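Okay, final-v3.cif now, which holds mmCIF, C-alpha atoms:
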data_structure
loop_
_atom_site.group_PDB
_atom_site.id
_atom_site.type_symbol
_atom_site.label_atom_id
_atom_site.label_comp_id
_atom_site.auth_asym_id
_atom_site.auth_seq_id
_atom_site.Cartn_x
_atom_site.Cartn_y
_atom_site.Cartn_z
ATOM 1 C CA MET A 1 0.000 0.000 0.000
ATOM 2 C CA ASN A 2 1.595 3.295 -1.072
ATOM 3 C CA ILE A 3 1.603 6.628 0.738
ATOM 4 C CA LEU A 4 -0.995 8.099 -1.618
ATOM 5 C CA HIS A 5 -3.389 5.218 -0.907
ATOM 6 C CA ILE A 6 -2.980 5.607 2.864
ATOM 7 C CA PHE A 7 -3.584 9.357 2.607
ATOM 8 C CA PHE A 8 -6.723 8.733 0.517
ATOM 9 C CA ILE A 9 -8.121 6.359 3.181
ATOM 10 C CA PHE A 10 -7.366 8.957 5.845
ATOM 11 C CA LEU A 11 -9.283 11.589 3.884
ATOM 12 C CA LEU A 12 -12.284 9.259 3.529
ATOM 13 C CA ASN A 13 -12.349 8.516 7.263
ATOM 14 C CA TYR A 14 -11.960 12.197 8.092
ATOM 15 C CA ALA A 15 -14.761 13.169 5.717
ATOM 16 C CA SER A 16 -17.016 10.437 7.115
ATOM 17 C CA ALA A 17 -16.359 11.538 10.710
ATOM 18 C CA LYS A 18 -16.922 15.177 9.812
ATOM 19 C CA LEU A 19 -20.176 14.354 8.041
ATOM 20 C CA GLY A 20 -21.297 12.275 11.027
ATOM 21 C CA ASN A 21 -20.474 15.110 13.420
ATOM 22 C CA GLU A 22 -22.416 17.592 11.306
ATOM 23 C CA THR A 23 -25.392 15.219 11.208
ATOM 24 C CA ASP A 24 -25.297 14.851 14.986
ATOM 25 C CA LEU A 25 -25.030 18.614 15.406
ATOM 26 C CA LEU A 26 -28.015 19.270 13.151
ATOM 27 C CA SER A 27 -30.026 16.538 14.906
ATOM 28 C CA LEU A 28 -29.359 18.061 18.322
ATOM 29 C CA LEU A 29 -30.293 21.510 17.071
ATOM 30 C CA ALA A 30 -33.491 20.010 15.616
ATOM 31 C CA PHE A 31 -34.203 18.492 19.030
ATOM 32 C CA LYS A 32 -33.767 21.937 20.582
ATOM 33 C CA GLU A 33 -36.169 23.492 18.078
ATOM 34 C CA GLU A 34 -38.922 21.100 19.192
ATOM 35 C CA ILE A 35 -38.721 22.503 22.726
ATOM 36 C CA THR A 36 -41.221 25.345 23.129
ATOM 37 C CA GLU A 37 -40.240 26.277 26.693
ATOM 38 C CA ASP A 38 -36.947 25.938 28.549
ATOM 39 C CA PRO A 39 -37.327 27.988 31.755
ATOM 40 C CA SER A 40 -34.122 26.604 33.266
ATOM 41 C CA LYS A 41 -32.189 27.557 30.113
ATOM 42 C CA VAL A 42 -30.592 24.120 30.111
ATOM 43 C CA LEU A 43 -30.437 24.132 26.304
ATOM 44 C CA SER A 44 -29.157 27.687 25.938
ATOM 45 C CA PRO A 45 -25.523 26.537 25.456
ATOM 46 C CA TRP A 46 -26.693 24.295 22.610
ATOM 47 C CA ASN A 47 -25.460 26.368 19.684
ATOM 48 C CA SER A 48 -22.929 26.041 16.913
ATOM 49 C CA SER A 49 -20.365 28.203 18.709
ATOM 50 C CA VAL A 50 -19.625 25.391 21.194
ATOM 51 C CA ASN A 51 -18.610 21.840 20.273
ATOM 52 C CA PHE A 52 -21.723 19.733 20.839
ATOM 53 C CA CYS A 53 -19.718 17.145 22.794
ATOM 54 C CA ASN A 54 -19.412 19.825 25.483
ATOM 55 C CA TRP A 55 -23.124 20.578 25.593
ATOM 56 C CA HIS A 56 -24.960 19.903 28.835
ATOM 57 C CA GLY A 57 -26.528 16.449 28.827
ATOM 58 C CA VAL A 58 -24.718 15.198 25.712
ATOM 59 C CA THR A 59 -22.045 12.514 25.999
ATOM 60 C CA TRP A 60 -20.677 11.599 22.587
ATOM 61 C CA ILE A 61 -24.252 10.948 21.437
ATOM 62 C CA SER A 62 -24.340 7.614 23.211
ATOM 63 C CA ILE A 63 -25.993 9.357 26.164
ATOM 64 C CA LEU A 64 -28.615 12.068 25.878
ATOM 65 C CA ALA A 65 -29.716 13.305 29.301
ATOM 66 C CA VAL A 66 -32.095 16.256 29.652
ATOM 67 C CA ALA A 67 -33.978 14.988 32.695
ATOM 68 C CA ASP A 68 -35.331 17.031 35.588
ATOM 69 C CA ASN A 69 -35.929 20.285 33.766
ATOM 70 C CA LYS A 70 -39.131 21.986 32.649
ATOM 71 C CA LEU A 71 -38.752 21.369 28.937
ATOM 72 C CA THR A 72 -42.011 21.719 27.025
ATOM 73 C CA GLY A 73 -42.978 20.489 23.578
ATOM 74 C CA ARG A 74 -43.252 17.272 21.583
ATOM 75 C CA PHE A 75 -40.479 14.754 21.690
ATOM 76 C CA PRO A 76 -38.741 14.700 18.274
ATOM 77 C CA ARG A 77 -40.132 11.908 16.104
ATOM 78 C CA THR A 78 -36.826 11.276 14.334
ATOM 79 C CA LEU A 79 -34.569 11.087 17.390
ATOM 80 C CA GLY A 80 -34.044 7.341 17.093
ATOM 81 C CA THR A 81 -33.269 7.657 13.397
ATOM 82 C CA ASN A 82 -30.863 10.544 13.849
ATOM 83 C CA PHE A 83 -28.997 8.913 16.746
ATOM 84 C CA PRO A 84 -28.827 5.191 15.936
ATOM 85 C CA ASN A 85 -25.924 4.682 18.376
ATOM 86 C CA LEU A 86 -27.784 6.093 21.365
ATOM 87 C CA GLN A 87 -27.555 3.865 24.441
ATOM 88 C CA ILE A 88 -29.073 5.940 27.253
ATOM 89 C CA LEU A 89 -31.971 8.351 26.819
ATOM 90 C CA ALA A 90 -33.003 10.213 29.971
ATOM 91 C CA ALA A 91 -35.763 12.792 29.512
ATOM 92 C CA GLY A 92 -37.877 12.376 32.615
ATOM 93 C CA VAL A 93 -39.369 15.059 34.860
ATOM 94 C CA ASN A 94 -40.207 17.461 32.046
ATOM 95 C CA ARG A 95 -43.359 18.545 30.236
ATOM 96 C CA PHE A 96 -43.106 16.647 26.968
ATOM 97 C CA THR A 97 -46.442 16.102 25.222
ATOM 98 C CA GLY A 98 -47.791 14.023 22.367
ATOM 99 C CA PRO A 99 -47.057 10.344 21.688
ATOM 100 C CA ILE A 100 -43.822 8.492 22.372
ATOM 101 C CA PRO A 101 -42.148 8.236 18.937
ATOM 102 C CA PRO A 102 -42.158 4.674 17.508
ATOM 103 C CA ALA A 103 -38.960 5.573 15.618
ATOM 104 C CA LEU A 104 -37.035 5.334 18.884
ATOM 105 C CA SER A 105 -36.736 1.660 17.967
ATOM 106 C CA ASN A 106 -34.246 2.701 15.265
ATOM 107 C CA ALA A 107 -31.749 3.324 18.045
ATOM 108 C CA ALA A 108 -31.309 -0.426 18.326
ATOM 109 C CA GLY A 109 -28.488 -0.131 20.864
ATOM 110 C CA LEU A 110 -30.610 1.555 23.513
ATOM 111 C CA VAL A 111 -30.110 0.088 26.956
ATOM 112 C CA GLN A 112 -32.102 2.589 28.981
ATOM 113 C CA ILE A 113 -35.145 4.749 28.228
ATOM 114 C CA ASP A 114 -36.290 6.994 31.066
ATOM 115 C CA PHE A 115 -39.374 9.145 30.339
ATOM 116 C CA PRO A 116 -41.139 9.408 33.735
ATOM 117 C CA ASP A 117 -43.119 12.463 34.852
ATOM 118 C CA ASN A 118 -44.166 13.893 31.504
ATOM 119 C CA TYR A 119 -47.437 14.434 29.642
ATOM 120 C CA PHE A 120 -47.173 11.782 26.933
ATOM 121 C CA VAL A 121 -50.498 10.540 25.540
ATOM 122 C CA GLY A 122 -51.777 7.765 23.304
ATOM 123 C CA LYS A 123 -50.782 4.149 23.037
ATOM 124 C CA MET A 124 -47.363 2.741 23.817
ATOM 125 C CA PRO A 125 -45.565 1.928 20.548
ATOM 126 C CA SER A 126 -45.062 -1.813 20.208
ATOM 127 C CA ASP A 127 -42.004 -1.086 18.037
ATOM 128 C CA LEU A 128 -39.928 -0.512 21.162
ATOM 129 C CA GLY A 129 -40.132 -4.221 21.861
ATOM 130 C CA SER A 130 -37.629 -4.756 19.048
ATOM 131 C CA ILE A 131 -34.815 -3.142 21.069
ATOM 132 C CA LYS A 132 -33.150 -6.403 22.075
ATOM 133 C CA ASN A 133 -30.595 -4.952 24.506
ATOM 134 C CA LEU A 134 -33.016 -2.769 26.429
ATOM 135 C CA GLN A 135 -32.654 -3.243 30.173
ATOM 136 C CA ARG A 136 -34.785 -0.416 31.523
ATOM 137 C CA LEU A 137 -37.962 1.317 30.307
ATOM 138 C CA ASN A 138 -39.612 3.902 32.528
ATOM 139 C CA VAL A 139 -42.679 5.782 31.250
ATOM 140 C CA GLY A 140 -44.358 6.133 34.628
ATOM 141 C CA ARG A 141 -46.468 9.079 35.742
ATOM 142 C CA SER A 142 -47.708 10.295 32.374
ATOM 143 C CA ARG A 143 -51.006 10.141 30.451
ATOM 144 C CA LEU A 144 -50.465 7.082 28.272
ATOM 145 C CA GLY A 145 -53.298 4.708 27.426
ATOM 146 C CA ASN A 146 -56.995 5.289 26.753
ATOM 147 C CA GLY A 147 -58.608 3.011 29.324
ATOM 148 C CA GLU A 148 -59.306 0.511 26.550
ATOM 149 C CA ALA A 149 -59.077 -3.290 26.524
ATOM 150 C CA SER A 150 -56.278 -3.209 23.944
ATOM 151 C CA ASP A 151 -54.027 -0.806 25.869
ATOM 152 C CA LEU A 152 -51.730 -3.509 27.205
ATOM 153 C CA MET A 153 -51.274 -5.458 23.986
ATOM 154 C CA PHE A 154 -47.946 -3.689 23.432
ATOM 155 C CA LEU A 155 -46.590 -5.831 26.269
ATOM 156 C CA ASN A 156 -46.620 -8.815 23.915
ATOM 157 C CA SER A 157 -43.716 -7.321 21.955
ATOM 158 C CA TRP A 158 -41.680 -6.932 25.138
ATOM 159 C CA THR A 159 -41.375 -10.693 25.462
ATOM 160 C CA ASN A 160 -38.556 -10.318 22.884
ATOM 161 C CA CYS A 161 -36.453 -8.169 25.226
ATOM 162 C CA SER A 162 -34.391 -10.878 26.886
ATOM 163 C CA LYS A 163 -32.349 -8.400 28.948
ATOM 164 C CA LEU A 164 -35.216 -6.301 30.307
ATOM 165 C CA GLN A 165 -34.851 -5.800 34.065
ATOM 166 C CA LEU A 166 -37.213 -2.906 34.814
ATOM 167 C CA LEU A 167 -40.521 -1.904 33.229
ATOM 168 C CA ARG A 168 -42.509 1.012 34.659
ATOM 169 C CA ILE A 169 -45.883 2.010 33.218
ATOM 170 C CA ASP A 170 -47.405 3.199 36.495
ATOM 171 C CA ASN A 171 -49.651 6.236 36.985
ATOM 172 C CA ASN A 172 -51.046 6.298 33.471
ATOM 173 C CA ARG A 173 -54.405 5.493 31.862
ATOM 174 C CA PHE A 174 -53.845 1.930 30.698
ATOM 175 C CA GLY A 175 -56.941 -0.241 30.693
ATOM 176 C CA GLY A 176 -57.709 -3.894 30.021
ATOM 177 C CA VAL A 177 -56.703 -7.038 31.842
ATOM 178 C CA LEU A 178 -53.183 -8.046 32.712
ATOM 179 C CA PRO A 179 -52.482 -10.565 29.920
ATOM 180 C CA ASN A 180 -51.233 -14.058 30.682
ATOM 181 C CA PHE A 181 -48.351 -13.678 28.209
ATOM 182 C CA ILE A 182 -46.718 -11.478 30.833
ATOM 183 C CA GLY A 183 -45.368 -14.808 32.036
ATOM 184 C CA ASN A 184 -43.266 -14.918 28.854
ATOM 185 C CA PHE A 185 -41.305 -11.843 29.860
ATOM 186 C CA SER A 186 -37.576 -12.131 30.331
ATOM 187 C CA THR A 187 -36.567 -14.082 33.403
ATOM 188 C CA ALA A 188 -34.120 -11.223 33.977
ATOM 189 C CA LEU A 189 -37.072 -8.962 34.864
ATOM 190 C CA LYS A 190 -36.734 -7.739 38.440
ATOM 191 C CA THR A 191 -39.191 -4.844 38.666
ATOM 192 C CA LEU A 192 -42.581 -4.272 37.024
ATOM 193 C CA LEU A 193 -44.650 -1.277 38.111
ATOM 194 C CA ALA A 194 -48.153 -0.825 36.726
ATOM 195 C CA ARG A 195 -49.964 0.750 39.671
ATOM 196 C CA HIS A 196 -52.503 3.574 39.398
ATOM 197 C CA ASN A 197 -53.996 2.539 36.061
ATOM 198 C CA GLN A 198 -57.361 1.092 35.007
ATOM 199 C CA ILE A 199 -56.186 -2.512 34.779
ATOM 200 C CA HIS A 200 -58.670 -5.085 36.032
ATOM 201 C CA GLY A 201 -59.524 -8.771 36.013
ATOM 202 C CA SER A 202 -57.960 -11.905 37.390
ATOM 203 C CA ILE A 203 -54.370 -12.620 38.309
ATOM 204 C CA PRO A 204 -52.639 -14.352 35.372
ATOM 205 C CA SER A 205 -51.218 -17.705 36.409
ATOM 206 C CA GLY A 206 -48.202 -17.131 34.137
ATOM 207 C CA ILE A 207 -46.897 -14.544 36.567
ATOM 208 C CA VAL A 208 -45.174 -17.268 38.549
ATOM 209 C CA ASN A 209 -42.781 -17.821 35.626
ATOM 210 C CA LEU A 210 -41.018 -14.551 36.444
ATOM 211 C CA VAL A 211 -38.684 -16.239 38.865
ATOM 212 C CA ASN A 212 -36.366 -13.259 39.400
ATOM 213 C CA LEU A 213 -39.108 -10.690 39.869
ATOM 214 C CA ASN A 214 -38.449 -8.838 43.112
ATOM 215 C CA SER A 215 -41.038 -6.084 42.764
ATOM 216 C CA LEU A 216 -44.355 -6.039 40.947
ATOM 217 C CA PHE A 217 -46.415 -3.048 42.034
ATOM 218 C CA MET A 218 -49.998 -2.683 40.829
ATOM 219 C CA GLU A 219 -51.687 -0.612 43.538
ATOM 220 C CA GLU A 220 -54.897 1.189 42.635
ATOM 221 C CA THR A 221 -55.175 -0.500 39.249
ATOM 222 C CA LEU A 222 -58.171 -2.660 40.132
ATOM 223 C CA ILE A 223 -55.426 -5.237 40.527
ATOM 224 C CA ARG A 224 -53.610 -4.025 43.566
ATOM 225 C CA GLY A 225 -49.864 -4.133 44.122
ATOM 226 C CA LEU A 226 -47.830 -7.267 43.722
ATOM 227 C CA ALA A 227 -45.117 -5.904 45.956
ATOM 228 C CA SER A 228 -41.789 -7.661 45.876
ATOM 229 C CA LEU A 229 -43.221 -10.806 44.313
ATOM 230 C CA SER A 230 -40.523 -13.240 45.383
ATOM 231 C CA LYS A 231 -40.911 -12.075 48.994
ATOM 232 C CA SER A 232 -44.282 -10.381 49.251
ATOM 233 C CA LEU A 233 -47.429 -10.765 47.169
ATOM 234 C CA ASN A 234 -49.729 -7.812 47.861
ATOM 235 C CA LEU A 235 -52.933 -7.551 45.836
ATOM 236 C CA ALA A 236 -55.066 -5.868 48.487
ATOM 237 C CA ARG A 237 -58.146 -3.675 47.965
ATOM 238 C CA ASN A 238 -59.031 -4.043 44.317
ATOM 239 C CA SER A 239 -61.793 -5.520 42.227
ATOM 240 C CA LEU A 240 -60.068 -8.834 41.643
ATOM 241 C CA ASN A 241 -62.435 -11.690 40.921
ATOM 242 C CA GLY A 242 -62.174 -15.381 40.198
ATOM 243 C CA THR A 243 -60.058 -17.924 41.986
ATOM 244 C CA LEU A 244 -56.450 -17.823 43.084
ATOM 245 C CA PRO A 245 -54.160 -20.048 40.995
ATOM 246 C CA GLN A 246 -52.650 -23.034 42.783
ATOM 247 C CA GLU A 247 -49.321 -22.014 41.227
ATOM 248 C CA VAL A 248 -48.938 -19.428 43.978
ATOM 249 C CA GLY A 249 -47.400 -22.277 45.943
ATOM 250 C CA ASN A 250 -44.389 -22.133 43.605
ATOM 251 C CA LEU A 251 -43.333 -18.864 45.244
ATOM 252 C CA ILE A 252 -41.372 -20.703 47.879
ATOM 253 C CA ASN A 253 -39.615 -17.568 49.168
ATOM 254 C CA LEU A 254 -42.875 -15.724 49.817
ATOM 255 C CA LYS A 255 -43.036 -14.045 53.235
ATOM 256 C CA GLU A 256 -46.209 -11.981 52.890
ATOM 257 C CA PHE A 257 -49.424 -12.865 51.081
ATOM 258 C CA ASP A 258 -52.146 -10.181 51.014
ATOM 259 C CA VAL A 259 -55.224 -10.409 48.785
ATOM 260 C CA SER A 260 -57.631 -8.748 51.205
ATOM 261 C CA GLY A 261 -60.484 -6.523 50.092
ATOM 262 C CA ASN A 262 -61.267 -8.137 46.731
ATOM 263 C CA ARG A 263 -63.976 -10.390 45.270
ATOM 264 C CA LEU A 264 -61.973 -13.579 45.092
ATOM 265 C CA ASN A 265 -63.850 -16.825 45.514
ATOM 266 C CA GLY A 266 -63.226 -20.547 45.557
ATOM 267 C CA ASN A 267 -60.943 -22.254 48.029
ATOM 268 C CA ILE A 268 -57.902 -20.705 49.643
ATOM 269 C CA PRO A 269 -55.051 -22.441 47.766
ATOM 270 C CA SER A 270 -53.747 -25.388 49.763
ATOM 271 C CA THR A 271 -50.398 -24.868 48.016
ATOM 272 C CA LEU A 272 -49.744 -21.899 50.309
ATOM 273 C CA GLY A 273 -48.451 -24.549 52.653
ATOM 274 C CA ASN A 274 -45.481 -24.968 50.306
ATOM 275 C CA CYS A 275 -44.361 -21.397 51.007
ATOM 276 C CA LEU A 276 -42.483 -22.284 54.158
ATOM 277 C CA SER A 277 -41.151 -18.739 54.633
ATOM 278 C CA LEU A 278 -44.626 -17.225 54.945
ATOM 279 C CA LYS A 279 -45.087 -15.036 58.009
ATOM 280 C CA HIS A 280 -48.171 -12.988 57.087
ATOM 281 C CA ILE A 281 -51.379 -14.134 55.356
ATOM 282 C CA PHE A 282 -54.305 -11.768 54.733
ATOM 283 C CA THR A 283 -57.283 -13.095 52.767
ATOM 284 C CA ASP A 284 -59.976 -11.157 54.630
ATOM 285 C CA ASN A 285 -62.904 -9.376 52.943
ATOM 286 C CA ASN A 286 -63.364 -11.764 50.030
ATOM 287 C CA LEU A 287 -65.762 -14.519 48.973
ATOM 288 C CA PHE A 288 -63.594 -17.544 49.741
ATOM 289 C CA HIS A 289 -65.472 -20.659 50.760
ATOM 290 C CA GLY A 290 -64.605 -24.119 51.981
ATOM 291 C CA SER A 291 -62.428 -24.925 54.969
ATOM 292 C CA ILE A 292 -59.142 -23.515 56.161
ATOM 293 C CA PRO A 293 -56.407 -25.534 54.396
ATOM 294 C CA SER A 294 -54.755 -28.061 56.678
ATOM 295 C CA SER A 295 -51.534 -27.510 54.717
ATOM 296 C CA LEU A 296 -50.999 -24.283 56.674
ATOM 297 C CA THR A 297 -49.695 -26.452 59.490
ATOM 298 C CA SER A 298 -46.377 -26.449 57.630
ATOM 299 C CA LEU A 299 -45.944 -22.702 58.170
ATOM 300 C CA LYS A 300 -44.037 -22.765 61.444
ATOM 301 C CA GLY A 301 -43.016 -19.090 61.209
ATOM 302 C CA LEU A 302 -46.550 -17.746 60.683
ATOM 303 C CA MET A 303 -47.175 -14.565 62.680
ATOM 304 C CA ASP A 304 -50.355 -13.072 61.144
ATOM 305 C CA LEU A 305 -53.372 -14.896 59.760
ATOM 306 C CA ASP A 306 -56.537 -12.960 58.866
ATOM 307 C CA LEU A 307 -59.299 -14.970 57.188
ATOM 308 C CA SER A 308 -62.192 -12.840 58.428
ATOM 309 C CA ARG A 309 -65.252 -11.730 56.450
ATOM 310 C CA ASN A 310 -65.375 -14.613 53.977
ATOM 311 C CA ASN A 311 -67.729 -17.570 53.468
ATOM 312 C CA LEU A 312 -65.486 -20.157 55.086
ATOM 313 C CA SER A 313 -67.083 -23.141 56.779
ATOM 314 C CA GLY A 314 -66.100 -25.800 59.272
ATOM 315 C CA GLN A 315 -64.194 -25.472 62.496
ATOM 316 C CA ILE A 316 -60.999 -23.622 63.304
ATOM 317 C CA PRO A 317 -58.307 -26.294 62.903
ATOM 318 C CA GLU A 318 -56.540 -27.419 66.062
ATOM 319 C CA PHE A 319 -53.148 -27.040 64.414
ATOM 320 C CA LEU A 320 -53.489 -23.246 64.633
ATOM 321 C CA GLN A 321 -53.029 -23.525 68.375
ATOM 322 C CA GLY A 322 -49.494 -24.657 67.780
ATOM 323 C CA PHE A 323 -48.459 -21.324 66.272
ATOM 324 C CA VAL A 324 -46.892 -19.625 69.285
ATOM 325 C CA PHE A 325 -46.373 -16.275 67.510
ATOM 326 C CA CYS A 326 -49.541 -16.433 65.420
ATOM 327 C CA ASN A 327 -52.002 -13.503 65.600
ATOM 328 C CA THR A 328 -55.431 -14.524 64.320
#

How does the structure come out when it is put into structure tokens?
Amino acid sequence: MNILHIFFIFLLNYASAKLGNETDLLSLLAFKEEITEDPSKVLSPWNSSVNFCNWHGVTWISILAVADNKLTGRFPRTLGTNFPNLQILAAGVNRFTGPIPPALSNAAGLVQIDFPDNYFVGKMPSDLGSIKNLQRLNVGRSRLGNGEASDLMFLNSWTNCSKLQLLRIDNNRFGGVLPNFIGNFSTALKTLLARHNQIHGSIPSGIVNLVNLNSLFMEETLIRGLASLSKSLNLARNSLNGTLPQEVGNLINLKEFDVSGNRLNGNIPSTLGNCLSLKHIFTDNNLFHGSIPSSLTSLKGLMDLDLSRNNLSGQIPEFLQGFVFCNT
């Protein structure tokens, strides 16, 4: 390879890098133009007189962080297309409006999307489920969803995200039932927050497949908070109906089980006796019938047991007298 050839390759690389830099610069300036209000002046230094790599919130275009400001306007529809190498997008605690752009899925390397505390509306784009490396999606405390039965169908696409660890859709307007395919989510999932929505219906049995789930919060959704699923199952004070799945006995590390204040019926699952770490059981204010499961005799560490205000029959089992620390 001669000197002229090497110099030619250098010029091509330089021109490519320069073109890429100019594209990034124009894309960032386009992002700024979408913002109608910036009371904190966080984007004021974003101008062509300063190298964009030194702009506040910009880190070599792999990280774009403009969170915790009072930015107002629509989120740019072409952001994912303009920044395909973006890995972290943090734009929470602002006043962004309109829909979440489906084109964000073009930034296929995204690992983290944080959009909490905004005014986004409409349906969640199912396209985001194609971001294979995504580990964290937070769109909590916004205005997403329409209270319709189909609102949660976008979750089906998230079964493709094998690295997803956190999913927050809480404090929105999502309706419908929690679909059973939620059990096909990544086993890496640790936190799922869907509280303060309009979700209703029965507990999907597939939920027990999420073996690494530490926190599933669904308070005030008409399916109330699965809090820290592997340790505490809290579904209290909702409009849950139907029967409890026997698979709840697979949660062998469960310490608290609270389904009080619902409309659950059928028998109290005998498989609760398999959860040897259980200390607190609250099934009061439901429509359970039948007898108290004799399998509860296995729960030697039980401290609280509230079965009141149900349709249970039969006698109080003698084995309950053996629970020295039990409060009934």

For the point (-39.3, -17.2, 27.2) in file coordinates, what residues are within 12 Å, counting all atoms listed in the file? Give the answer as a list in words?
Asn156, Trp158, Thr159, Asn160, Cys161, Ser162, Lys163, Phe181, Ile182, Gly183, Asn184, Phe185, Ser186, Thr187, Ala188, Leu189, Gly206, Asn209, Leu210 and Val211 of chain A

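Among the candidate residues A:Asn69, A:Asn212, A:Ser313, A:Phe83, the one lying nearest to A:Phe31 is A:Phe83, with distances computed using only C-alpha atoms.
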
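For the choices A:Ala194, A:Val121, A:Leu110, A:Ile252, the atom-to-atom distance to A:Gly140 is smallest for A:Ala194 when using only C-alpha atoms.
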
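The set of residues that the PyMOL selection byres ((chain A and resi 271-273) around 8) takes from this file is Gln246, Glu247, Val248, Gly249, Asn250, Pro269, Ser270, Asn274, Cys275, Leu276, Ser295, Leu296, Thr297, Ser298 and Leu299 of chain A.
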
Test item: the PyMOL selection byres ((chain A and resi 263-267) around 7) resolved as an NGL selection string:
:A and (239-243 or 262 or 268-269 or 286-290)

Evaluate the PyMOL selection byres ((chain A and resi 81) around 9) on the structure here and hand back the selected residues as a PyMOL selection string.
chain A and resi 77-80+82-84+103-107

Here atom CA of A:Leu235 and atom CA of A:Pro125 stand apart by 28.0 Å

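Restricting the calculation to all atoms listed in the file, the smallest distance between A:Ala149 and any of A:Val93, A:Leu178, A:Leu302, A:Ala236 is found for A:Leu178.
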
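Here atom CA of A:Leu312 stands at a distance of 28.5 Å from atom CA of A:Ile199.
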
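Our summary of the geometry notes that atom CA of A:Leu155 is positioned 20.5 Å from atom CA of A:Asp117.
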
Distance query A:Phe174 at most 8 Å, all atoms listed in the file, self and fewer than 5 positions along chain excluded, as a VMD selection string:
chain A and resid 144 to 148 151 to 152 197 to 199

Take the selection from the previous step and output its residues with C-alpha atoms, as a CSV table (one decimal), in the frame of the given file.
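Written file, selection_28.csv:
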chain,number,residue,atom,x,y,z
A,144,LEU,CA,-50.5,7.1,28.3
A,145,GLY,CA,-53.3,4.7,27.4
A,146,ASN,CA,-57.0,5.3,26.8
A,147,GLY,CA,-58.6,3.0,29.3
A,148,GLU,CA,-59.3,0.5,26.6
A,151,ASP,CA,-54.0,-0.8,25.9
A,152,LEU,CA,-51.7,-3.5,27.2
A,197,ASN,CA,-54.0,2.5,36.1
A,198,GLN,CA,-57.4,1.1,35.0
A,199,ILE,CA,-56.2,-2.5,34.8

A:Ser260 environment, 7 Å, all atoms listed in the file, sequence neighbours closer than 5 positions dropped, as a PyMOL selection string:
chain A and resi 236-237+282-286

Got a sec: who's within 10 Å of A:Leu29, counting all atoms listed in the file, leaving out chain neighbours fewer than 4 positions off, as a PyMOL selection string?
chain A and resi 23-25+33-34+43+46-48+52

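Comparing the minimum interatomic distances between A:Arg136 and each of A:Asp114, A:Asp304, A:Asp258, A:Asp68, counting only C-alpha atoms, we find that A:Asp114 sits nearest.
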
Starting from the incomplete input, reconstruct N, CA and C atoms of stretch 106-118 of chain A and report them as a PDB file, in the coordinates of the input.
ATOM      1  N   ASN A 106     -35.376   2.661  16.200  1.00  0.00           N
ATOM      2  CA  ASN A 106     -34.246   2.701  15.265  1.00  0.00           C
ATOM      3  C   ASN A 106     -32.915   2.826  15.992  1.00  0.00           C
ATOM      4  N   ALA A 107     -32.959   3.303  17.216  1.00  0.00           N
ATOM      5  CA  ALA A 107     -31.749   3.324  18.045  1.00  0.00           C
ATOM      6  C   ALA A 107     -31.642   1.953  18.705  1.00  0.00           C
ATOM      7  N   ALA A 108     -31.245   0.975  17.912  1.00  0.00           N
ATOM      8  CA  ALA A 108     -31.309  -0.426  18.326  1.00  0.00           C
ATOM      9  C   ALA A 108     -30.375  -0.761  19.476  1.00  0.00           C
ATOM     10  N   GLY A 109     -29.426   0.130  19.780  1.00  0.00           N
ATOM     11  CA  GLY A 109     -28.488  -0.131  20.864  1.00  0.00           C
ATOM     12  C   GLY A 109     -28.922   0.420  22.201  1.00  0.00           C
ATOM     13  N   LEU A 110     -30.142   0.973  22.259  1.00  0.00           N
ATOM     14  CA  LEU A 110     -30.610   1.555  23.513  1.00  0.00           C
ATOM     15  C   LEU A 110     -30.639   0.518  24.634  1.00  0.00           C
ATOM     16  N   VAL A 111     -30.118   0.919  25.759  1.00  0.00           N
ATOM     17  CA  VAL A 111     -30.110   0.088  26.956  1.00  0.00           C
ATOM     18  C   VAL A 111     -31.087   0.634  27.991  1.00  0.00           C
ATOM     19  N   GLN A 112     -31.286   1.943  27.954  1.00  0.00           N
ATOM     20  CA  GLN A 112     -32.102   2.589  28.981  1.00  0.00           C
ATOM     21  C   GLN A 112     -32.926   3.710  28.362  1.00  0.00           C
ATOM     22  N   ILE A 113     -34.242   3.670  28.614  1.00  0.00           N
ATOM     23  CA  ILE A 113     -35.145   4.749  28.228  1.00  0.00           C
ATOM     24  C   ILE A 113     -35.882   5.201  29.484  1.00  0.00           C
ATOM     25  N   ASP A 114     -35.642   6.434  29.881  1.00  0.00           N
ATOM     26  CA  ASP A 114     -36.290   6.994  31.066  1.00  0.00           C
ATOM     27  C   ASP A 114     -37.105   8.216  30.670  1.00  0.00           C
ATOM     28  N   PHE A 115     -38.458   8.070  30.700  1.00  0.00           N
ATOM     29  CA  PHE A 115     -39.374   9.145  30.339  1.00  0.00           C
ATOM     30  C   PHE A 115     -40.369   9.471  31.456  1.00  0.00           C
ATOM     31  N   PRO A 116     -40.098   9.220  32.725  1.00  0.00           N
ATOM     32  CA  PRO A 116     -41.139   9.408  33.735  1.00  0.00           C
ATOM     33  C   PRO A 116     -41.495  10.883  33.925  1.00  0.00           C
ATOM     34  N   ASP A 117     -42.678  11.112  34.478  1.00  0.00           N
ATOM     35  CA  ASP A 117     -43.119  12.463  34.852  1.00  0.00           C
ATOM     36  C   ASP A 117     -43.134  13.412  33.661  1.00  0.00           C
ATOM     37  N   ASN A 118     -43.927  13.033  32.650  1.00  0.00           N
ATOM     38  CA  ASN A 118     -44.166  13.893  31.504  1.00  0.00           C
ATOM     39  C   ASN A 118     -45.662  13.887  31.201  1.00  0.00           C
TER      40      ASN A 118
END
